[in-house]
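Reproduced below: work.tsv, with TSV, C-alpha atoms and all ligand atoms.
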chain	number	residue	atom	x	y	z
J	80	MET	CA	198.06	272.52	170.35
J	81	LYS	CA	196.43	273.97	167.25
J	82	ASN	CA	197.72	272.52	163.96
J	83	PRO	CA	199.14	275.51	162.00
J	84	LEU	CA	198.32	273.79	158.67
J	85	LEU	CA	194.69	273.32	159.53
J	86	THR	CA	193.59	276.94	159.28
J	87	PRO	CA	194.63	277.48	155.64
J	88	LEU	CA	193.20	274.08	154.70
J	89	VAL	CA	189.86	274.91	156.23
J	90	LEU	CA	189.96	278.27	154.52
J	91	VAL	CA	190.67	276.71	151.11
J	92	ALA	CA	187.96	274.08	151.63
J	93	GLY	CA	185.54	276.84	152.46
J	94	LEU	CA	186.47	278.82	149.35
J	95	VAL	CA	186.11	275.81	147.09
J	96	SER	CA	182.71	274.92	148.52
J	97	SER	CA	181.57	278.54	148.23
J	98	GLY	CA	182.44	278.54	144.53
J	99	TRP	CA	184.92	281.42	145.01
J	100	VAL	CA	187.81	279.45	143.54
J	101	ALA	CA	185.82	278.42	140.50
J	102	ALA	CA	184.86	282.05	139.87
J	103	GLN	CA	188.50	283.17	140.07
J	104	THR	CA	189.89	280.42	137.83
J	105	PRO	CA	190.28	281.81	134.31
J	106	PRO	CA	187.98	280.05	131.81
J	107	ALA	CA	189.71	277.44	129.67
J	108	ALA	CA	191.16	279.16	126.58
J	109	ALA	CA	188.94	278.74	123.51
J	110	PRO	CA	190.44	276.26	121.04
J	111	VAL	CA	192.56	277.97	118.40
J	112	PRO	CA	191.91	276.87	114.79
J	113	ALA	CA	194.63	274.39	113.72
J	114	GLU	CA	195.59	276.44	110.67
J	115	MET	CA	196.08	279.51	112.86
J	116	GLN	CA	198.26	277.57	115.30
J	117	GLN	CA	200.45	276.62	112.37
J	118	MET	CA	200.48	280.18	111.05
J	119	VAL	CA	201.53	281.89	114.28
J	120	LYS	CA	204.58	279.64	114.61
J	121	ALA	CA	206.20	281.78	111.91
J	122	PHE	CA	205.49	285.04	113.79
J	123	THR	CA	207.80	286.91	116.15
J	124	PRO	CA	206.89	286.41	119.83
J	125	GLU	CA	205.41	289.96	119.97
J	126	MET	CA	203.11	289.38	116.98
J	127	ARG	CA	202.19	285.89	118.16
J	128	GLN	CA	201.11	287.27	121.53
J	129	LYS	CA	198.93	289.93	119.87
J	130	VAL	CA	197.28	287.38	117.58
J	131	MET	CA	196.65	284.84	120.32
J	132	ALA	CA	194.98	287.58	122.40
J	133	LEU	CA	192.33	288.19	119.69
J	134	SER	CA	188.80	287.01	120.47
J	135	PRO	CA	187.83	283.49	119.31
J	136	GLU	CA	185.25	285.10	116.99
J	137	LEU	CA	187.84	287.33	115.31
J	138	LYS	CA	190.32	284.45	115.03
J	139	ALA	CA	187.63	282.42	113.25
J	140	THR	CA	186.72	285.37	111.01
J	141	ILE	CA	190.35	285.86	109.96
J	142	MET	CA	190.79	282.18	109.18
J	143	LYS	CA	187.55	282.30	107.16
J	144	LEU	CA	188.89	285.25	105.16
J	145	HIS	CA	192.06	283.28	104.44
J	146	ALA	CA	190.09	280.15	103.54
J	147	GLY	CA	188.12	282.13	100.96
J	148	HIS	CA	191.33	282.48	98.91
J	149	GLN	CA	192.85	279.46	97.25
J	150	ARG	CA	196.19	280.94	96.22
J	151	ARG	CA	198.94	280.99	98.88
J	152	ALA	CA	202.17	282.90	98.31
J	153	LYS	CA	205.49	281.27	99.11
J	154	GLU	CA	207.52	284.47	99.35
J	155	THR	CA	205.27	287.32	98.18
J	156	THR	CA	204.69	290.11	100.71
J	157	LEU	CA	201.43	291.95	101.33
J	158	ARG	CA	202.82	295.02	99.60
J	159	GLN	CA	203.58	292.97	96.49
J	160	VAL	CA	200.12	291.36	96.61
J	161	MET	CA	198.65	294.87	96.82
J	162	HIS	CA	200.47	295.83	93.63
J	163	GLU	CA	199.03	292.71	91.98
J	164	ILE	CA	195.57	293.76	93.13
J	165	LEU	CA	196.10	297.23	91.69
J	166	SER	CA	197.10	295.63	88.35
J	167	GLU	CA	193.90	293.60	88.36
J	168	TYR	CA	191.89	296.74	89.09
J	169	GLN	CA	193.52	298.48	86.13
J	170	ASN	CA	192.86	295.39	84.03
J	171	ILE	CA	189.16	295.63	84.92
J	172	ALA	CA	189.12	299.34	84.03
J	173	SER	CA	190.68	298.56	80.66
J	174	ALA	CA	188.11	295.83	80.02
J	175	VAL	CA	185.14	297.97	81.02
J	176	ALA	CA	186.38	300.82	78.84
J	177	THR	CA	186.58	298.51	75.82
J	178	ASP	CA	183.28	296.67	76.45
J	179	ASN	CA	185.20	293.41	77.04
J	180	ALA	CA	182.94	291.55	79.47
J	181	GLU	CA	185.04	288.37	79.56
J	182	GLN	CA	188.23	290.22	80.44
J	183	ALA	CA	186.40	292.25	83.09
J	184	ALA	CA	184.88	289.16	84.72
J	185	ASP	CA	188.18	287.25	84.76
J	186	ALA	CA	190.20	290.12	86.20
J	187	ALA	CA	187.53	290.85	88.83
J	188	ARG	CA	187.53	287.21	89.96
J	189	ARG	CA	191.33	287.18	90.14
J	190	LEU	CA	191.18	290.36	92.22
J	191	ALA	CA	188.63	288.81	94.59
J	192	ASN	CA	190.68	285.63	94.87
J	193	HIS	CA	194.01	287.39	95.37
J	194	ARG	CA	197.05	285.57	96.71
J	195	ILE	CA	197.43	285.41	100.50
J	196	PRO	CA	200.87	286.83	101.31
J	197	LYS	CA	203.66	284.92	103.03
J	198	GLY	CA	202.64	284.35	106.65
J	199	GLY	CA	199.03	285.51	106.04
J	200	LEU	CA	197.69	289.05	106.37
J	201	LEU	CA	198.27	289.70	110.06
J	202	PRO	CA	202.07	290.00	110.26
J	203	TYR	CA	201.93	292.97	107.86
J	204	PHE	CA	199.73	295.02	110.19
J	205	LYS	CA	201.24	297.34	112.79
J	206	LEU	CA	201.56	295.61	116.17
J	207	ASN	CA	199.39	298.26	117.83
J	208	GLN	CA	196.58	297.60	115.34
J	209	VAL	CA	196.46	293.86	115.93
J	210	ASN	CA	193.58	294.00	118.41
J	211	ASN	CA	189.86	293.17	118.38
J	212	GLU	CA	188.69	296.72	117.76
J	213	ASP	CA	190.93	297.69	114.84
J	214	LEU	CA	190.75	294.34	113.05
J	215	SER	CA	186.97	294.07	113.44
J	216	VAL	CA	186.60	296.24	110.29
J	217	LEU	CA	188.30	293.62	108.08
J	218	PRO	CA	185.11	291.78	106.98
J	219	ALA	CA	183.53	295.11	105.94
J	220	MET	CA	186.62	296.00	103.89
J	221	ASN	CA	186.55	292.57	102.36
J	222	THR	CA	182.91	292.92	101.37
J	223	ALA	CA	183.51	296.34	99.82
J	224	VAL	CA	186.50	295.18	97.76
J	225	GLU	CA	185.99	291.51	97.02
J	226	GLY	CA	182.20	291.42	97.30
J	227	SER	CA	181.93	294.30	94.81
J	228	ALA	CA	184.49	292.67	92.50
J	229	LEU	CA	182.39	289.48	92.41
J	230	LYS	CA	179.25	291.53	91.71
J	231	LEU	CA	181.13	293.27	88.91
J	232	ALA	CA	182.05	289.87	87.45
J	233	GLU	CA	178.41	288.76	87.57
J	234	ALA	CA	177.23	291.95	85.89
J	235	ALA	CA	179.87	291.49	83.19
J	236	ASP	CA	178.80	287.84	82.72
J	237	ALA	CA	175.24	289.11	82.22
J	238	GLY	CA	176.51	291.56	79.61
J	239	ASP	CA	175.45	294.53	81.76
J	240	MET	CA	178.51	296.74	81.39
J	241	PRO	CA	176.94	299.92	82.85
J	242	ARG	CA	176.22	298.00	86.07
J	243	ALA	CA	179.69	296.42	86.01
J	244	ALA	CA	181.18	299.91	85.69
J	245	SER	CA	179.24	301.13	88.70
J	246	TYR	CA	181.06	298.66	90.99
J	247	MET	CA	184.46	300.19	90.19
J	248	SER	CA	183.87	302.97	92.70
J	249	ASP	CA	182.58	300.55	95.37
J	250	ILE	CA	185.78	298.54	95.03
J	251	MET	CA	188.02	301.63	95.26
J	252	THR	CA	186.03	302.94	98.23
J	253	GLY	CA	187.04	299.74	100.05
J	254	CYS	CA	190.72	300.13	99.04
J	255	VAL	CA	190.73	303.73	100.28
J	256	ALA	CA	188.97	302.93	103.57
J	257	CYS	CA	191.48	300.22	104.42
J	258	HIS	CA	194.45	302.40	103.49
J	259	GLN	CA	193.14	305.28	105.61
J	260	LYS	CA	192.92	303.00	108.59
J	261	PHE	CA	195.89	300.67	108.22
J	262	ARG	CA	198.39	302.14	105.76
J	263	GLY	CA	198.60	305.92	105.27
J	264	VAL	CA	200.65	307.60	102.56
J	265	PRO	CA	203.17	305.16	101.07
J	266	GLY	CA	206.83	306.06	100.83
J	267	ILE	CA	207.06	308.87	103.36
J	268	SER	CA	210.57	310.32	103.47
J	269	ALA	CA	212.56	310.38	106.69
J	270	ASN	CA	214.70	313.17	105.22
J	271	LEU	CA	212.11	315.93	104.90
J	272	MET	CA	211.21	318.42	107.65
J	273	THR	CA	207.49	318.18	106.65
J	274	PRO	CA	207.14	314.78	104.92
J	275	VAL	CA	203.37	315.04	104.27
J	276	SER	CA	201.24	318.16	103.88
J	277	LYS	CA	198.10	316.77	105.54
W	1	LIG	C1	192.54	294.90	104.35
W	1	LIG	C2	192.96	296.25	104.09
W	1	LIG	C3	193.33	296.63	102.69
W	1	LIG	C4	192.53	296.60	101.57
W	1	LIG	C5	191.08	296.17	101.49
W	1	LIG	C6	193.34	297.09	100.49
W	1	LIG	N1	194.60	297.38	100.94
W	1	LIG	FE1	196.13	298.03	99.80
W	1	LIG	N2	197.34	298.04	101.45
W	1	LIG	C7	196.97	297.68	102.73
W	1	LIG	C8	198.11	297.74	103.61
W	1	LIG	C9	198.12	297.40	105.10
W	1	LIG	C10	199.22	298.16	102.82
W	1	LIG	C11	200.66	298.34	103.28
W	1	LIG	C12	201.40	297.04	103.11
W	1	LIG	C13	202.87	297.15	103.45
W	1	LIG	O1	203.50	298.15	103.10
W	1	LIG	O2	203.39	296.19	104.03
W	1	LIG	C14	198.67	298.34	101.47
W	1	LIG	C15	199.43	298.75	100.39
W	1	LIG	C16	198.96	298.92	99.11
W	1	LIG	C17	199.78	299.29	97.97
W	1	LIG	C18	201.29	299.45	98.00
W	1	LIG	C19	201.78	300.84	98.23
W	1	LIG	C20	203.30	300.81	98.38
W	1	LIG	O3	203.77	301.10	99.47
W	1	LIG	O4	203.98	300.40	97.43
W	1	LIG	C21	198.96	299.35	96.86
W	1	LIG	C22	199.35	299.66	95.45
W	1	LIG	C23	197.63	299.00	97.31
W	1	LIG	N3	197.67	298.74	98.68
W	1	LIG	C24	196.53	298.90	96.48
W	1	LIG	C25	195.27	298.47	96.88
W	1	LIG	C26	194.11	298.39	96.03
W	1	LIG	C27	194.08	298.78	94.56
W	1	LIG	C28	193.09	297.92	96.79
W	1	LIG	C29	191.67	297.67	96.41
W	1	LIG	C30	191.39	296.97	95.20
W	1	LIG	C31	193.62	297.70	98.13
W	1	LIG	N4	194.94	298.04	98.14
W	1	LIG	C32	192.88	297.21	99.19
W	1	LIG	C33	195.70	297.32	103.12
W	1	LIG	C34	194.62	297.13	102.29
Just give me the structure as structure tokens.
Ligand code: HEC
Amino acid sequence: MKNPLLTPLVLVAGLVSSGWVAAQTPPAAAPVPAEMQQMVKAFTPEMRQKVMALSPELKATIMKLHAGHQRRAKETTLRQVMHEILSEYQNIASAVATDNAEQAADAARRLANHRIPKGGLLPYFKLNQVNNEDLSVLPAMNTAVEGSALKLAEAADAGDMPRAASYMSDIMTGCVACHQKFRGVPGISANLMTPVSK
């Protein structure tokens, strides 16, 4: 009598030898940076899932962006950090307007090296924007804001205030681009029939 177990076994053996099984087995997950593993522990399951689904390249990019900033907040939120950044921007404007190169350079470097909010940047983004496509713009935003701030500091160090002044608009262009994509108009009222006119 035919052994009923034999047929599936032969079938499996055949699939393995043909390489079919290997092709269907998902590739081993890319190693997640240790700091990111630690970070996602503080996230809700929904946010953790979104972050873990990001490409290994984007995960590495985000951790590199974090690593470029030495100051870590204990309790400060992204919105609070943003208000700090705005204060630094105003500080730079004040310095440029009064030909104070040292103040301009210091404030610009503080802006570039802003605090990283509690939990990192990611948990403050909308869940539906935590994906490879939307977050891929982050390095460009970073270059516009922080790269220009560092250039401003260098120009101020060199005593070239007209050049320092020219970077103010590059910085703000980066702020605006990121807000258009990830924030929108702050403080929209839930109690108005037409909360925003645009
Ligand atoms: C990486 C993207 C990004 C960049 C770059 C960025 N912001 Fe923001 N900003 C945000 C997000 C997201 C929020 C909303 C945070 C929240 O409400 O949790 C925000 C909020 C703010 C707020 C708070 C508004 C409120 O609701 O009280 C201010 C002020 C602000 N940003 C200023 C700036 C300035 C000034 C710059 C440039 C020097 C800048 N931001 C650059 C993403 C960005």
Using only the atoms of ligand LIG 1 (chain W) listed in the file, plus 4 Å on each side, state the axis-aligned box centre and edge lengths in Å rounded to one decimal, as AutoDock Vina command-line options.
--center_x 197.5 --center_y 298.0 --center_z 99.8 --size_x 20.9 --size_y 14.2 --size_z 18.5
Task: Selection as an MDAnalysis selection string: residues within 10 Å of ligand LIG 1 (chain W) by all atoms listed in the file - done: chainID J and resid 156:169 187 190:191 193 200:205 214 216:225 227:228 247:267
Keeping only C-alpha atoms, write those residues as a JSON list (two decimals), in the frame of the given file.
[["chain", "number", "residue", "atom", "x", "y", "z"],
["J", 156, "THR", "CA", 204.69, 290.11, 100.71],
["J", 157, "LEU", "CA", 201.43, 291.95, 101.33],
["J", 158, "ARG", "CA", 202.82, 295.02, 99.60],
["J", 159, "GLN", "CA", 203.58, 292.97, 96.49],
["J", 160, "VAL", "CA", 200.12, 291.36, 96.61],
["J", 161, "MET", "CA", 198.65, 294.87, 96.82],
["J", 162, "HIS", "CA", 200.47, 295.83, 93.63],
["J", 163, "GLU", "CA", 199.03, 292.71, 91.98],
["J", 164, "ILE", "CA", 195.57, 293.76, 93.13],
["J", 165, "LEU", "CA", 196.10, 297.23, 91.69],
["J", 166, "SER", "CA", 197.10, 295.63, 88.35],
["J", 167, "GLU", "CA", 193.90, 293.60, 88.36],
["J", 168, "TYR", "CA", 191.89, 296.74, 89.09],
["J", 169, "GLN", "CA", 193.52, 298.48, 86.13],
["J", 187, "ALA", "CA", 187.53, 290.85, 88.83],
["J", 190, "LEU", "CA", 191.18, 290.36, 92.22],
["J", 191, "ALA", "CA", 188.63, 288.81, 94.59],
["J", 193, "HIS", "CA", 194.01, 287.39, 95.37],
["J", 200, "LEU", "CA", 197.69, 289.05, 106.37],
["J", 201, "LEU", "CA", 198.27, 289.70, 110.06],
["J", 202, "PRO", "CA", 202.07, 290.00, 110.26],
["J", 203, "TYR", "CA", 201.93, 292.97, 107.86],
["J", 204, "PHE", "CA", 199.73, 295.02, 110.19],
["J", 205, "LYS", "CA", 201.24, 297.34, 112.79],
["J", 214, "LEU", "CA", 190.75, 294.34, 113.05],
["J", 216, "VAL", "CA", 186.60, 296.24, 110.29],
["J", 217, "LEU", "CA", 188.30, 293.62, 108.08],
["J", 218, "PRO", "CA", 185.11, 291.78, 106.98],
["J", 219, "ALA", "CA", 183.53, 295.11, 105.94],
["J", 220, "MET", "CA", 186.62, 296.00, 103.89],
["J", 221, "ASN", "CA", 186.55, 292.57, 102.36],
["J", 222, "THR", "CA", 182.91, 292.92, 101.37],
["J", 223, "ALA", "CA", 183.51, 296.34, 99.82],
["J", 224, "VAL", "CA", 186.50, 295.18, 97.76],
["J", 225, "GLU", "CA", 185.99, 291.51, 97.02],
["J", 227, "SER", "CA", 181.93, 294.30, 94.81],
["J", 228, "ALA", "CA", 184.49, 292.67, 92.50],
["J", 247, "MET", "CA", 184.46, 300.19, 90.19],
["J", 248, "SER", "CA", 183.87, 302.97, 92.70],
["J", 249, "ASP", "CA", 182.58, 300.55, 95.37],
["J", 250, "ILE", "CA", 185.78, 298.54, 95.03],
["J", 251, "MET", "CA", 188.02, 301.63, 95.26],
["J", 252, "THR", "CA", 186.03, 302.94, 98.23],
["J", 253, "GLY", "CA", 187.04, 299.74, 100.05],
["J", 254, "CYS", "CA", 190.72, 300.13, 99.04],
["J", 255, "VAL", "CA", 190.73, 303.73, 100.28],
["J", 256, "ALA", "CA", 188.97, 302.93, 103.57],
["J", 257, "CYS", "CA", 191.48, 300.22, 104.42],
["J", 258, "HIS", "CA", 194.45, 302.40, 103.49],
["J", 259, "GLN", "CA", 193.14, 305.28, 105.61],
["J", 260, "LYS", "CA", 192.92, 303.00, 108.59],
["J", 261, "PHE", "CA", 195.89, 300.67, 108.22],
["J", 262, "ARG", "CA", 198.39, 302.14, 105.76],
["J", 263, "GLY", "CA", 198.60, 305.92, 105.27],
["J", 264, "VAL", "CA", 200.65, 307.60, 102.56],
["J", 265, "PRO", "CA", 203.17, 305.16, 101.07],
["J", 266, "GLY", "CA", 206.83, 306.06, 100.83],
["J", 267, "ILE", "CA", 207.06, 308.87, 103.36]]
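From CA of Ala243 (chain J) back to CA of Asp185 (chain J), the distance works out to 12.6 Å.
As for CA of Val119 (chain J) and CA of Leu133 (chain J), they are spaced 12.4 Å apart.
Residue nearest Pro241 (chain J), chosen from J:Arg188, J:Ser268, J:Ala176, J:Gln208 and counting only C-alpha atoms: J:Ala176.
For the pair CA of Asn192 (chain J) and CA of Asn211 (chain J), the interatomic distance is 24.7 Å.
With distances taken over all atoms listed in the file, J:Val209 is the one residue among J:Val209, J:Leu229, J:Val175, J:Ala146 lying closest to Gln128 (chain J).
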Reconstructed N, CA and C atoms for region 181-204 of chain J, given as a compact mmCIF listing (two decimals), keeping the file's coordinate frame:
# COMPACT_ATOMS: atom_id res chain seq x y z
N GLU J 181 184.30 289.56 79.10
CA GLU J 181 185.04 288.37 79.56
C GLU J 181 186.30 288.77 80.31
N GLN J 182 187.01 289.75 79.76
CA GLN J 182 188.23 290.22 80.44
C GLN J 182 187.87 290.83 81.80
N ALA J 183 186.80 291.60 81.84
CA ALA J 183 186.40 292.25 83.09
C ALA J 183 186.06 291.20 84.16
N ALA J 184 185.30 290.19 83.76
CA ALA J 184 184.88 289.16 84.72
C ALA J 184 186.09 288.38 85.24
N ASP J 185 187.00 288.02 84.34
CA ASP J 185 188.18 287.25 84.76
C ASP J 185 189.04 288.05 85.73
N ALA J 186 189.32 289.29 85.35
CA ALA J 186 190.20 290.12 86.20
C ALA J 186 189.55 290.37 87.56
N ALA J 187 188.24 290.59 87.55
CA ALA J 187 187.53 290.85 88.83
C ALA J 187 187.60 289.63 89.73
N ARG J 188 187.48 288.42 89.13
CA ARG J 188 187.53 287.21 89.96
C ARG J 188 188.95 286.97 90.47
N ARG J 189 189.94 287.31 89.65
CA ARG J 189 191.33 287.18 90.14
C ARG J 189 191.57 288.16 91.29
N LEU J 190 191.02 289.36 91.14
CA LEU J 190 191.18 290.36 92.22
C LEU J 190 190.55 289.82 93.51
N ALA J 191 189.33 289.31 93.40
CA ALA J 191 188.63 288.81 94.59
C ALA J 191 189.37 287.63 95.21
N ASN J 192 189.97 286.81 94.38
CA ASN J 192 190.68 285.63 94.87
C ASN J 192 192.19 285.89 94.85
N HIS J 193 192.58 287.04 95.39
CA HIS J 193 194.01 287.39 95.37
C HIS J 193 194.82 286.41 96.22
N ARG J 194 196.12 286.41 95.95
CA ARG J 194 197.05 285.57 96.71
C ARG J 194 197.06 286.01 98.18
N ILE J 195 197.21 285.08 99.08
CA ILE J 195 197.43 285.41 100.50
C ILE J 195 198.94 285.51 100.70
N PRO J 196 199.42 286.64 101.22
CA PRO J 196 200.87 286.83 101.31
C PRO J 196 201.55 285.86 102.27
N LYS J 197 202.87 285.79 102.15
CA LYS J 197 203.66 284.92 103.03
C LYS J 197 203.33 285.21 104.50
N GLY J 198 202.95 284.18 105.23
CA GLY J 198 202.64 284.35 106.65
C GLY J 198 201.21 284.79 106.92
N GLY J 199 200.40 285.02 105.85
CA GLY J 199 199.03 285.51 106.04
C GLY J 199 199.01 287.03 106.12
N LEU J 200 197.83 287.59 106.36
CA LEU J 200 197.69 289.05 106.37
C LEU J 200 198.26 289.70 107.63
N LEU J 201 198.04 289.04 108.76
CA LEU J 201 198.27 289.70 110.06
C LEU J 201 199.68 290.23 110.28
N PRO J 202 200.74 289.49 109.90
CA PRO J 202 202.07 290.00 110.26
C PRO J 202 202.44 291.31 109.55
N TYR J 203 201.63 291.72 108.57
CA TYR J 203 201.93 292.97 107.86
C TYR J 203 201.24 294.17 108.50
N PHE J 204 200.38 293.92 109.49
CA PHE J 204 199.73 295.02 110.19
C PHE J 204 200.65 295.52 111.30
